[in-house]
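S.K.: Here you go, this is data-v7.txt (compact mmCIF, C-alpha atoms).
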```txt
# COMPACT_ATOMS: atom_id res chain seq x y z
CA ARG A 1 17.18 -5.32 -18.33
CA ARG A 2 18.44 -7.33 -15.38
CA ARG A 3 15.99 -10.15 -16.12
CA MET A 4 17.11 -10.25 -19.73
CA SER A 5 20.75 -10.48 -18.64
CA THR A 6 19.91 -13.30 -16.23
CA ALA A 7 18.13 -15.21 -18.96
CA ALA A 8 21.10 -14.74 -21.25
CA CYS A 9 23.46 -16.02 -18.53
CA VAL A 10 21.30 -19.09 -18.01
CA SER A 11 21.39 -19.78 -21.72
CA CYS A 12 25.15 -19.32 -21.77
CA ARG A 13 25.62 -21.71 -18.88
CA ALA A 14 23.47 -24.25 -20.68
CA SER A 15 25.63 -23.88 -23.78
CA VAL A 16 28.82 -24.29 -21.76
CA GLU A 17 27.52 -27.43 -20.08
CA ALA A 18 26.49 -28.80 -23.46
CA SER A 19 29.98 -28.16 -24.82
CA ARG A 20 31.49 -30.20 -21.97
CA ALA A 21 29.27 -33.21 -22.64
CA PRO A 22 30.51 -36.20 -24.64
CA LEU A 23 30.58 -35.56 -28.36
CA ALA A 24 27.31 -36.26 -30.09
CA CYS A 25 26.59 -36.57 -33.76
CA PRO A 26 26.49 -33.30 -35.73
CA SER A 27 22.70 -33.40 -36.09
CA SER A 28 22.28 -33.79 -32.32
CA ARG A 29 24.58 -30.81 -31.70
CA ARG A 30 22.61 -28.72 -34.21
CA SER A 31 19.32 -29.66 -32.49
CA ALA A 32 20.69 -28.73 -29.07
CA SER A 33 21.96 -25.41 -30.43
CA ARG A 34 18.57 -24.63 -32.00
CA GLY A 35 16.82 -25.55 -28.74
CA CYS A 36 19.12 -23.30 -26.72
CA ALA A 37 18.57 -20.40 -29.10
CA THR A 38 14.79 -20.91 -28.97
CA ARG A 39 14.80 -20.88 -25.18
CA ALA A 40 16.94 -17.72 -25.15
CA ARG A 41 14.55 -15.96 -27.55
CA ALA A 42 11.57 -17.03 -25.44
CA SER A 43 13.21 -15.71 -22.27
CA GLN A 44 14.04 -12.42 -23.97
CA GLY A 45 10.47 -12.18 -25.25
CA ARG A 46 9.07 -12.66 -21.75
CA ALA A 47 11.45 -10.00 -20.43
CA ARG A 48 10.31 -7.56 -23.14
CA ASP A 49 6.68 -8.33 -22.31
CA GLY A 50 7.42 -7.59 -18.64
CA VAL A 51 9.06 -4.27 -19.49
CA ASP A 52 6.13 -3.33 -21.75
CA ALA A 53 3.64 -4.21 -19.00
CA MET A 54 5.53 -2.11 -16.45
CA SER A 55 5.67 0.84 -18.86
CA SER A 56 1.94 0.58 -19.44
CA LEU A 57 1.24 0.41 -15.71
CA ALA A 58 3.48 3.41 -15.00
CA ALA A 59 1.62 5.40 -17.66
CA ARG A 60 -1.71 4.48 -16.06
CA PHE A 61 -0.58 5.62 -12.59
CA ALA A 62 0.86 8.89 -13.89
CA GLY A 63 -2.29 9.48 -15.94
CA ALA A 64 -4.70 8.98 -13.03
CA LYS A 65 -7.34 11.69 -12.68
CA ALA A 66 -7.55 11.43 -8.87
CA VAL A 67 -5.40 10.07 -6.04
CA LEU A 68 -6.88 8.75 -2.79
CA TRP A 69 -4.79 8.07 0.30
CA ASP A 70 -4.79 5.93 3.41
CA VAL A 71 -3.54 7.74 6.55
CA ASP A 72 -1.53 5.63 9.03
CA GLY A 73 1.62 4.20 7.49
CA THR A 74 0.94 5.96 4.19
CA LEU A 75 0.62 9.71 4.71
CA ALA A 76 1.42 9.83 8.42
CA ASP A 77 4.22 8.29 10.47
CA SER A 78 1.93 7.36 13.35
CA THR A 79 3.08 3.83 14.22
CA SER A 80 4.37 4.81 17.66
CA LEU A 81 1.15 6.65 18.48
CA GLY A 82 -1.02 3.71 17.48
CA PHE A 83 1.17 1.14 19.21
CA THR A 84 1.46 2.96 22.54
CA SER A 85 -2.24 3.88 22.53
CA THR A 86 -3.19 0.27 21.87
CA ASN A 87 -1.15 -0.96 24.82
CA ALA A 88 -2.49 1.81 27.06
CA VAL A 89 -6.05 0.65 26.36
CA LEU A 90 -5.22 -3.06 26.75
CA VAL A 91 -3.44 -2.53 30.07
CA GLU A 92 -6.25 -0.28 31.29
CA ALA A 93 -8.64 -3.17 30.58
CA GLY A 94 -6.46 -5.61 32.53
CA LEU A 95 -5.13 -7.31 29.40
CA PRO A 96 -1.50 -8.06 28.51
CA PRO A 97 0.30 -5.64 26.21
CA ILE A 98 1.34 -6.63 22.70
CA ASP A 99 4.64 -6.21 20.89
CA LEU A 100 5.23 -4.04 17.84
CA ALA A 101 5.09 -6.95 15.40
CA GLN A 102 1.65 -7.92 16.70
CA TYR A 103 0.47 -4.34 16.40
CA LYS A 104 1.62 -4.13 12.79
CA ARG A 105 -0.06 -7.42 11.88
CA GLY A 106 -3.28 -6.15 13.39
CA THR A 107 -3.36 -2.99 11.30
CA ARG A 108 -4.96 -4.88 8.44
CA TYR A 109 -8.18 -4.79 10.50
CA PRO A 110 -10.45 -1.81 11.26
CA THR A 111 -9.97 -0.55 14.83
CA PRO A 112 -12.73 -2.56 16.64
CA GLU A 113 -11.69 -5.80 14.93
CA ARG A 114 -8.03 -5.06 15.54
CA MET A 115 -8.58 -4.47 19.25
CA ALA A 116 -10.66 -7.66 19.47
CA TRP A 117 -7.88 -9.59 17.77
CA HIS A 118 -5.30 -8.22 20.18
CA ALA A 119 -7.50 -8.86 23.22
CA ALA A 120 -9.08 -12.20 22.37
CA GLY A 121 -7.35 -13.53 19.28
CA ASP A 122 -10.61 -13.21 17.36
CA PRO A 123 -11.44 -10.07 15.33
CA SER A 124 -15.15 -10.79 15.69
CA ASP A 125 -15.10 -10.87 19.51
CA PRO A 126 -17.62 -8.34 20.94
CA VAL A 127 -14.97 -6.87 23.24
CA GLY A 128 -13.51 -5.10 20.23
CA LYS A 129 -16.27 -2.53 20.00
CA ARG A 130 -15.72 -1.29 23.56
CA LEU A 131 -11.94 -1.35 23.33
CA GLY A 132 -12.02 0.30 19.91
CA ALA A 133 -14.12 3.18 21.22
CA ARG A 134 -11.73 3.66 24.11
CA PHE A 135 -8.78 3.56 21.74
CA ASP A 136 -10.32 6.31 19.59
CA GLU A 137 -10.88 8.49 22.65
CA HIS A 138 -7.30 7.97 23.74
CA TYR A 139 -5.34 8.57 20.58
CA VAL A 140 -7.35 11.20 18.71
CA ARG A 141 -6.53 13.79 21.36
CA LEU A 142 -2.79 12.99 21.10
CA VAL A 143 -2.50 13.81 17.40
CA ASP A 144 0.04 16.46 16.42
CA THR A 145 2.93 16.69 14.00
CA ASP A 146 5.21 14.84 16.44
CA THR A 147 2.92 11.84 16.85
CA ALA A 148 1.31 11.77 13.39
CA GLY A 149 3.37 13.99 11.12
CA PHE A 150 3.51 13.28 7.40
CA TYR A 151 6.46 11.18 6.27
CA ALA A 152 9.37 13.20 4.94
CA GLY A 153 8.73 14.09 1.31
CA VAL A 154 5.10 12.97 1.25
CA ARG A 155 3.76 16.49 1.61
CA ASP A 156 5.76 17.53 -1.45
CA VAL A 157 4.08 14.77 -3.46
CA VAL A 158 0.64 15.80 -2.18
CA GLU A 159 1.30 19.44 -3.06
CA ALA A 160 2.52 18.57 -6.55
CA LEU A 161 -0.50 16.35 -7.16
CA HIS A 162 -2.79 19.15 -5.97
CA GLU A 163 -1.52 21.27 -8.84
CA ARG A 164 -1.31 18.51 -11.42
CA LYS A 165 -4.66 16.81 -10.67
CA ASN A 166 -6.64 20.03 -10.16
CA GLY A 167 -7.12 19.26 -6.49
CA ALA A 168 -8.51 15.77 -7.10
CA GLN A 169 -7.30 14.05 -3.92
CA ALA A 170 -9.07 12.46 -0.99
CA VAL A 171 -8.43 10.39 2.13
CA LEU A 172 -10.00 7.15 3.38
CA SER A 173 -8.76 5.58 6.63
CA ASN A 174 -9.86 2.53 8.57
CA ALA A 175 -9.44 4.65 11.71
CA CYS A 176 -12.33 6.82 12.84
CA GLY A 177 -13.13 9.92 10.81
CA ALA A 178 -12.29 12.26 13.68
CA TYR A 179 -8.77 10.87 13.74
CA ALA A 180 -8.27 11.08 9.96
CA ARG A 181 -9.44 14.69 9.87
CA ARG A 182 -7.33 15.64 12.86
CA VAL A 183 -4.20 14.20 11.25
CA VAL A 184 -4.86 16.13 8.05
CA ALA A 185 -5.55 19.34 10.01
CA ALA A 186 -2.49 18.92 12.24
CA ASN A 187 -0.34 18.71 9.12
CA ASP A 188 -2.02 21.81 7.64
CA ALA A 189 -3.14 19.79 4.63
CA GLU A 190 -6.92 20.29 4.60
CA LYS A 191 -6.80 22.34 1.39
CA TYR A 192 -5.33 19.42 -0.54
CA PHE A 193 -8.18 16.93 -0.02
CA LYS A 194 -11.75 17.11 -1.30
CA THR A 195 -12.92 14.45 1.16
CA VAL A 196 -11.45 13.01 4.37
CA TYR A 197 -13.32 9.96 5.65
CA GLY A 198 -12.76 7.33 8.30
CA ALA A 199 -14.31 3.91 8.76
CA ASP A 200 -17.30 5.35 10.64
CA ASP A 201 -18.11 7.73 7.78
CA VAL A 202 -18.79 4.97 5.24
CA CYS A 203 -21.01 1.90 4.99
CA GLU A 204 -18.24 -0.64 5.59
CA PRO A 205 -14.52 -0.42 6.41
CA LYS A 206 -11.81 -1.71 4.11
CA PRO A 207 -11.34 -4.22 2.56
CA SER A 208 -14.86 -3.34 1.44
CA PRO A 209 -14.68 -0.98 -1.55
CA SER A 210 -17.77 0.95 -0.44
CA GLY A 211 -15.86 3.91 1.03
CA LEU A 212 -13.71 4.38 -2.06
CA ILE A 213 -16.69 4.08 -4.37
CA ALA A 214 -18.64 6.60 -2.27
CA ILE A 215 -15.81 9.13 -2.34
CA ALA A 216 -15.38 8.78 -6.10
CA ARG A 217 -19.12 9.15 -6.68
CA GLU A 218 -19.38 12.22 -4.45
CA ASN A 219 -16.59 13.93 -6.36
CA GLY A 220 -17.61 12.84 -9.83
CA TRP A 221 -14.52 10.68 -10.38
CA ASP A 222 -14.47 7.53 -12.50
CA THR A 223 -13.05 4.79 -10.28
CA GLU A 224 -11.07 3.33 -13.19
CA THR A 225 -9.05 6.55 -13.39
CA CYS A 226 -8.35 6.71 -9.63
CA VAL A 227 -5.34 5.46 -7.66
CA TYR A 228 -5.60 4.42 -4.01
CA VAL A 229 -2.33 4.53 -2.08
CA GLY A 230 -2.06 2.39 1.06
CA ASP A 231 0.26 0.28 3.20
CA SER A 232 -1.93 -2.73 4.00
CA PRO A 233 -3.23 -5.74 2.05
CA SER A 234 -6.76 -4.56 2.89
CA ASP A 235 -6.01 -1.27 1.10
CA GLY A 236 -5.08 -3.09 -2.08
CA ALA A 237 -8.10 -5.38 -1.84
CA ALA A 238 -10.44 -2.40 -1.41
CA ALA A 239 -8.90 -0.51 -4.32
CA LYS A 240 -9.13 -3.44 -6.72
CA ALA A 241 -12.70 -4.24 -5.67
CA ALA A 242 -13.60 -0.60 -6.33
CA GLY A 243 -12.05 -0.77 -9.79
CA MET A 244 -9.19 1.57 -8.83
CA MET A 245 -5.47 1.15 -9.34
CA ALA A 246 -3.81 -0.10 -6.15
CA LEU A 247 -0.46 1.40 -5.19
CA GLY A 248 1.24 -0.06 -2.13
CA CYS A 249 3.85 1.76 -0.03
CA ALA A 250 6.30 -0.34 1.95
CA TRP A 251 7.31 2.20 4.61
CA GLY A 252 4.25 1.55 6.79
CA ALA A 253 3.14 -1.48 8.76
CA HIS A 254 3.73 -4.09 6.06
CA GLU A 255 6.76 -5.16 4.05
CA ALA A 256 6.78 -5.08 0.27
CA ASP A 257 6.46 -8.88 0.07
CA ASP A 258 3.21 -8.66 2.04
CA LEU A 259 1.80 -6.11 -0.41
CA ASP A 260 2.79 -7.54 -3.79
CA ALA A 261 -0.20 -9.87 -4.16
CA SER A 262 -2.81 -7.28 -3.19
CA HIS A 263 -1.47 -4.27 -5.13
CA ASP A 264 -0.79 -3.49 -8.77
CA PHE A 265 2.55 -1.99 -7.86
CA VAL A 266 4.56 -1.39 -4.67
CA VAL A 267 6.93 1.50 -3.98
CA ARG A 268 9.59 1.30 -1.28
CA THR A 269 10.54 4.96 -0.97
CA VAL A 270 8.83 8.32 -1.25
CA SER A 271 11.09 9.07 -4.21
CA GLU A 272 9.64 6.04 -6.00
CA LEU A 273 6.16 7.22 -5.05
CA SER A 274 6.83 10.60 -6.63
CA LYS A 275 8.18 9.07 -9.82
CA THR A 276 5.18 6.74 -10.08
CA LEU A 277 2.46 9.33 -9.54
CA LEU A 278 4.13 12.34 -11.13
```
I need this file expressed as structure tokens, please.
M.R.:
Amino acid sequence: RRRMSTAACVSCRASVEASRAPLACPSSRRSASRGCATRARASQGRARDGVDAMSSLAARFAGAKAVLWDVDGTLADSTSLGFTSTNAVLVEAGLPPIDLAQYKRGTRYPTPERMAWHAAGDPSDPVGKRLGARFDEHYVRLVDTDTAGFYAGVRDVVEALHERKNGAQAVLSNACGAYARRVVAANDAEKYFKTVYGADDVCEPKPSPSGLIAIARENGWDTETCVYVGDSPSDGAAAKAAGMMALGCAWGAHEADDLDASHDFVVRTVSELSKTLL
């Protein structure tokens, strides 16, 4: 509705400006009026098309047969845990610590590539494998509801989906599987998920779709009727490549503007998430 109003205002301003111009012949004024009306109708038509497209997309999300989740920045508020653990490993290795913005930018990579990027500026640097393993050792043991508790309201959505989707939910993280399962267990949420996988449980980490496809196949779900919820551009890329609907959440490591291009839709609050999925 707001877009339609904006279009109407633009058309009105155009009409006002035209009325202030020097007088033209009647036929010229009639042509200008017809042109303005045509542009207004076209703008209104585009706005209606946009509303129809959004309604269709909302129906697809709500009608999904299964919902798959990322962990960090999506289900769990674990930014502080990941950030402090990253710096602990870097400093232990004699490397300079990073700031929070650098940590968040790096979360689009799987752990070994992320640590390589922080350490050497190159996600393919071999140092990443060693640092990534040390990172896993460090932060998995620190998981509890204080360091990796579910975001407020997210558990309610998960519980409601468990009832509505007949238990058809799963987890895929780019962290190691031990971490993903520990987060789920710490939040007493194991009963809600058919499968909980990390990057080392699948053929390739995100943005590869292989993990999502594997989970869907194991559970007998059609990927076209699945939604993957994540907070990173790599989550959206993986979902789309798997043929799933991609739902971005902007309360994690990345802002909504960073997620728009890679996701079908982006929610900014848990309330919006609930309305979209339920």
S.K.: Measuring atom to atom with only C-alpha atoms, identify which of A:Val157, A:Leu95, A:Ala253, A:Val183 is nearest to Ser80 in chain A.
M.R.: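 Of all the options, A:Ala253 lies closest to Ser80 in chain A.
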S.K.: So, counting all atoms listed in the file, which residue among A:Thr107, A:Asn174, A:Thr74, A:Ser56 is closest to Cys203 in chain A?
M.R.: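 Using all atoms listed in the file, Cys203 in chain A sits closest to A:Asn174.
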S.K.: With 3 Å of padding per side, what axis-aligned box (centre and edge lengths, Å, one decimal) covers all the listed atoms of range 174-181 of chain A? Give it as AutoDock Vina command-line options.
M.R.:
```
--center_x -10.7 --center_y 8.6 --center_z 11.2 --size_x 10.9 --size_y 18.2 --size_z 11.2
```
S.K.: Considering all atoms listed in the file, can you say which of A:Leu212, A:Ala58, A:Ala76, A:Ala238 comes closest to Ala180 in chain A?
M.R.: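 Smallest distance to Ala180 in chain A is found for A:Ala76.
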S.K.: Pull the neighbourhood of (-6.3, 8.1, 23.8) for me: all residues within 10 Å in file coordinates, counting all atoms listed in the file, as a list in words.
M.R.: Leu81, Gly82, Thr84, Ser85, Thr86, Ala88, Val89, Ala133, Arg134, Phe135, Asp136, Glu137, His138, Tyr139, Val140, Arg141, Leu142 and Val143 of chain A
S.K.: CA of Ala237 in chain A and CA of Ala186 in chain A are how many Å apart?
M.R.: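 Atom-to-atom, CA of Ala237 in chain A and CA of Ala186 in chain A are spaced 28.6 Å apart.
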S.K.: Please, which residues are within 10 Å of (-11.0, -5.8, 17.9) by the file's coordinates, counting only C-alpha atoms, and could they come as a PDB file with C-alpha atoms, keeping the file's coordinate frame?
M.R.:
```
ATOM      1  CA  GLY A 106      -3.280  -6.150  13.390  1.00  0.00           C
ATOM      2  CA  TYR A 109      -8.180  -4.790  10.500  1.00  0.00           C
ATOM      3  CA  PRO A 110     -10.450  -1.810  11.260  1.00  0.00           C
ATOM      4  CA  THR A 111      -9.970  -0.550  14.830  1.00  0.00           C
ATOM      5  CA  PRO A 112     -12.730  -2.560  16.640  1.00  0.00           C
ATOM      6  CA  GLU A 113     -11.690  -5.800  14.930  1.00  0.00           C
ATOM      7  CA  ARG A 114      -8.030  -5.060  15.540  1.00  0.00           C
ATOM      8  CA  MET A 115      -8.580  -4.470  19.250  1.00  0.00           C
ATOM      9  CA  ALA A 116     -10.660  -7.660  19.470  1.00  0.00           C
ATOM     10  CA  TRP A 117      -7.880  -9.590  17.770  1.00  0.00           C
ATOM     11  CA  HIS A 118      -5.300  -8.220  20.180  1.00  0.00           C
ATOM     12  CA  ALA A 119      -7.500  -8.860  23.220  1.00  0.00           C
ATOM     13  CA  ALA A 120      -9.080 -12.200  22.370  1.00  0.00           C
ATOM     14  CA  GLY A 121      -7.350 -13.530  19.280  1.00  0.00           C
ATOM     15  CA  ASP A 122     -10.610 -13.210  17.360  1.00  0.00           C
ATOM     16  CA  PRO A 123     -11.440 -10.070  15.330  1.00  0.00           C
ATOM     17  CA  SER A 124     -15.150 -10.790  15.690  1.00  0.00           C
ATOM     18  CA  ASP A 125     -15.100 -10.870  19.510  1.00  0.00           C
ATOM     19  CA  PRO A 126     -17.620  -8.340  20.940  1.00  0.00           C
ATOM     20  CA  VAL A 127     -14.970  -6.870  23.240  1.00  0.00           C
ATOM     21  CA  GLY A 128     -13.510  -5.100  20.230  1.00  0.00           C
ATOM     22  CA  LYS A 129     -16.270  -2.530  20.000  1.00  0.00           C
ATOM     23  CA  ARG A 130     -15.720  -1.290  23.560  1.00  0.00           C
ATOM     24  CA  LEU A 131     -11.940  -1.350  23.330  1.00  0.00           C
ATOM     25  CA  GLY A 132     -12.020   0.300  19.910  1.00  0.00           C
TER      26      GLY A 132
END
```
S.K.: Hey, what's within 9 Å of Ala216 in chain A if we count all atoms listed in the file and toss same-chain stuff fewer than 6 positions away? As a PyMOL selection string, please?
M.R.: chain A and resi 66+170+222-223+226
S.K.: Using all atoms listed in the file, find the one residue out of A:Ser210, A:Thr225, A:Asn187, A:Ser173 that sits nearest to Ala152 in chain A.
M.R.: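 Result for the nearest residue to Ala152 in chain A: A:Asn187.
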S.K.: Which value, in Å to one decimal, gives the distance between CA of Val91 in chain A and CA of Ser78 in chain A?
M.R.: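 CA of Ser78 in chain A lies at a distance of 20.2 Å from CA of Val91 in chain A.
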S.K.: Measuring atom to atom with all atoms listed in the file, identify which of A:Leu277, A:Val154, A:Ala242, A:Leu90 is nearest to Pro207 in chain A.
M.R.: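 Under the stated criterion, the closest residue is A:Ala242.
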S.K.: Using only C-alpha atoms, which residues sit within 12 Å of Ala185 in chain A once same-chain residues fewer than 3 positions away are excluded, as a list in words?
M.R.: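 The residues satisfying every condition are Ala76, Val143, Asp144, Thr145, Ala148, Gly149, Phe150, Ala178, Tyr179, Ala180, Arg181, Arg182, Asp188, Ala189, Glu190, Lys191, Tyr192, Phe193 and Val196 of chain A.
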S.K.: How about completing range 63-74 of chain A with all heavy atoms and giving it to me as a PDB file, keeping the file's coordinate frame?
M.R.:
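Final output, saved to out_23.pdb:
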```
ATOM      1  N   GLY A  63      -1.145   8.874 -15.268  1.00  0.00           N
ATOM      2  CA  GLY A  63      -2.290   9.480 -15.940  1.00  0.00           C
ATOM      3  C   GLY A  63      -3.575   9.471 -15.116  1.00  0.00           C
ATOM      4  O   GLY A  63      -4.633   9.864 -15.621  1.00  0.00           O
ATOM      5  N   ALA A  64      -3.503   9.037 -13.871  1.00  0.00           N
ATOM      6  CA  ALA A  64      -4.700   8.980 -13.030  1.00  0.00           C
ATOM      7  C   ALA A  64      -5.320  10.372 -12.885  1.00  0.00           C
ATOM      8  O   ALA A  64      -4.612  11.375 -12.800  1.00  0.00           O
ATOM      9  CB  ALA A  64      -4.351   8.429 -11.658  1.00  0.00           C
ATOM     10  N   LYS A  65      -6.622  10.420 -12.821  1.00  0.00           N
ATOM     11  CA  LYS A  65      -7.340  11.690 -12.680  1.00  0.00           C
ATOM     12  C   LYS A  65      -7.495  12.102 -11.219  1.00  0.00           C
ATOM     13  O   LYS A  65      -7.714  13.281 -10.921  1.00  0.00           O
ATOM     14  CB  LYS A  65      -8.722  11.583 -13.329  1.00  0.00           C
ATOM     15  CG  LYS A  65      -8.686  11.219 -14.806  1.00  0.00           C
ATOM     16  CD  LYS A  65      -7.925  12.241 -15.627  1.00  0.00           C
ATOM     17  CE  LYS A  65      -7.954  11.891 -17.117  1.00  0.00           C
ATOM     18  NZ  LYS A  65      -7.136  12.838 -17.914  1.00  0.00           N
ATOM     19  N   ALA A  66      -7.414  11.130 -10.300  1.00  0.00           N
ATOM     20  CA  ALA A  66      -7.550  11.430  -8.870  1.00  0.00           C
ATOM     21  C   ALA A  66      -6.718  10.441  -8.070  1.00  0.00           C
ATOM     22  O   ALA A  66      -6.544   9.286  -8.471  1.00  0.00           O
ATOM     23  CB  ALA A  66      -9.011  11.349  -8.442  1.00  0.00           C
ATOM     24  N   VAL A  67      -6.202  10.910  -6.936  1.00  0.00           N
ATOM     25  CA  VAL A  67      -5.400  10.070  -6.040  1.00  0.00           C
ATOM     26  C   VAL A  67      -6.034  10.088  -4.660  1.00  0.00           C
ATOM     27  O   VAL A  67      -6.289  11.159  -4.095  1.00  0.00           O
ATOM     28  CB  VAL A  67      -3.941  10.570  -5.952  1.00  0.00           C
ATOM     29  CG1 VAL A  67      -3.141   9.696  -4.983  1.00  0.00           C
ATOM     30  CG2 VAL A  67      -3.289  10.578  -7.331  1.00  0.00           C
ATOM     31  N   LEU A  68      -6.306   8.905  -4.112  1.00  0.00           N
ATOM     32  CA  LEU A  68      -6.880   8.750  -2.790  1.00  0.00           C
ATOM     33  C   LEU A  68      -5.839   8.092  -1.888  1.00  0.00           C
ATOM     34  O   LEU A  68      -5.061   7.251  -2.340  1.00  0.00           O
ATOM     35  CB  LEU A  68      -8.153   7.909  -2.829  1.00  0.00           C
ATOM     36  CG  LEU A  68      -9.347   8.515  -3.591  1.00  0.00           C
ATOM     37  CD1 LEU A  68      -9.221   8.301  -5.096  1.00  0.00           C
ATOM     38  CD2 LEU A  68     -10.665   7.907  -3.110  1.00  0.00           C
ATOM     39  N   TRP A  69      -5.848   8.484  -0.618  1.00  0.00           N
ATOM     40  CA  TRP A  69      -4.790   8.070   0.300  1.00  0.00           C
ATOM     41  C   TRP A  69      -5.348   7.411   1.555  1.00  0.00           C
ATOM     42  O   TRP A  69      -6.369   7.841   2.096  1.00  0.00           O
ATOM     43  CB  TRP A  69      -3.997   9.292   0.755  1.00  0.00           C
ATOM     44  CG  TRP A  69      -3.331  10.090  -0.304  1.00  0.00           C
ATOM     45  CD1 TRP A  69      -3.904  11.063  -1.079  1.00  0.00           C
ATOM     46  CD2 TRP A  69      -1.958  10.022  -0.716  1.00  0.00           C
ATOM     47  NE1 TRP A  69      -2.974  11.598  -1.933  1.00  0.00           N
ATOM     48  CE2 TRP A  69      -1.771  10.985  -1.733  1.00  0.00           C
ATOM     49  CE3 TRP A  69      -0.878   9.245  -0.299  1.00  0.00           C
ATOM     50  CZ2 TRP A  69      -0.536  11.183  -2.355  1.00  0.00           C
ATOM     51  CZ3 TRP A  69       0.353   9.455  -0.918  1.00  0.00           C
ATOM     52  CH2 TRP A  69       0.513  10.407  -1.938  1.00  0.00           C
ATOM     53  N   ASP A  70      -4.629   6.410   2.046  1.00  0.00           N
ATOM     54  CA  ASP A  70      -4.790   5.930   3.410  1.00  0.00           C
ATOM     55  C   ASP A  70      -4.030   6.916   4.309  1.00  0.00           C
ATOM     56  O   ASP A  70      -3.286   7.774   3.827  1.00  0.00           O
ATOM     57  CB  ASP A  70      -4.201   4.522   3.518  1.00  0.00           C
ATOM     58  CG  ASP A  70      -4.252   3.962   4.929  1.00  0.00           C
ATOM     59  OD1 ASP A  70      -5.306   4.079   5.573  1.00  0.00           O
ATOM     60  OD2 ASP A  70      -3.220   3.436   5.386  1.00  0.00           O
ATOM     61  N   VAL A  71      -4.209   6.809   5.630  1.00  0.00           N
ATOM     62  CA  VAL A  71      -3.540   7.740   6.550  1.00  0.00           C
ATOM     63  C   VAL A  71      -2.352   7.072   7.238  1.00  0.00           C
ATOM     64  O   VAL A  71      -1.194   7.329   6.905  1.00  0.00           O
ATOM     65  CB  VAL A  71      -4.535   8.289   7.601  1.00  0.00           C
ATOM     66  CG1 VAL A  71      -3.804   9.191   8.603  1.00  0.00           C
ATOM     67  CG2 VAL A  71      -5.638   9.077   6.921  1.00  0.00           C
ATOM     68  N   ASP A  72      -2.606   6.227   8.234  1.00  0.00           N
ATOM     69  CA  ASP A  72      -1.530   5.630   9.030  1.00  0.00           C
ATOM     70  C   ASP A  72      -0.630   4.756   8.164  1.00  0.00           C
ATOM     71  O   ASP A  72      -1.090   3.862   7.451  1.00  0.00           O
ATOM     72  CB  ASP A  72      -2.113   4.779  10.158  1.00  0.00           C
ATOM     73  CG  ASP A  72      -2.841   5.614  11.196  1.00  0.00           C
ATOM     74  OD1 ASP A  72      -2.445   6.766  11.417  1.00  0.00           O
ATOM     75  OD2 ASP A  72      -3.830   5.110  11.790  1.00  0.00           O
ATOM     76  N   GLY A  73       0.668   5.004   8.229  1.00  0.00           N
ATOM     77  CA  GLY A  73       1.620   4.200   7.490  1.00  0.00           C
ATOM     78  C   GLY A  73       1.704   4.551   6.019  1.00  0.00           C
ATOM     79  O   GLY A  73       2.483   3.944   5.282  1.00  0.00           O
ATOM     80  N   THR A  74       0.933   5.537   5.589  1.00  0.00           N
ATOM     81  CA  THR A  74       0.940   5.960   4.190  1.00  0.00           C
ATOM     82  C   THR A  74       1.266   7.451   4.111  1.00  0.00           C
ATOM     83  O   THR A  74       2.326   7.843   3.657  1.00  0.00           O
ATOM     84  CB  THR A  74      -0.409   5.669   3.523  1.00  0.00           C
ATOM     85  OG1 THR A  74      -0.696   4.264   3.616  1.00  0.00           O
ATOM     86  CG2 THR A  74      -0.388   6.082   2.055  1.00  0.00           C
TER      87      THR A  74
END
```
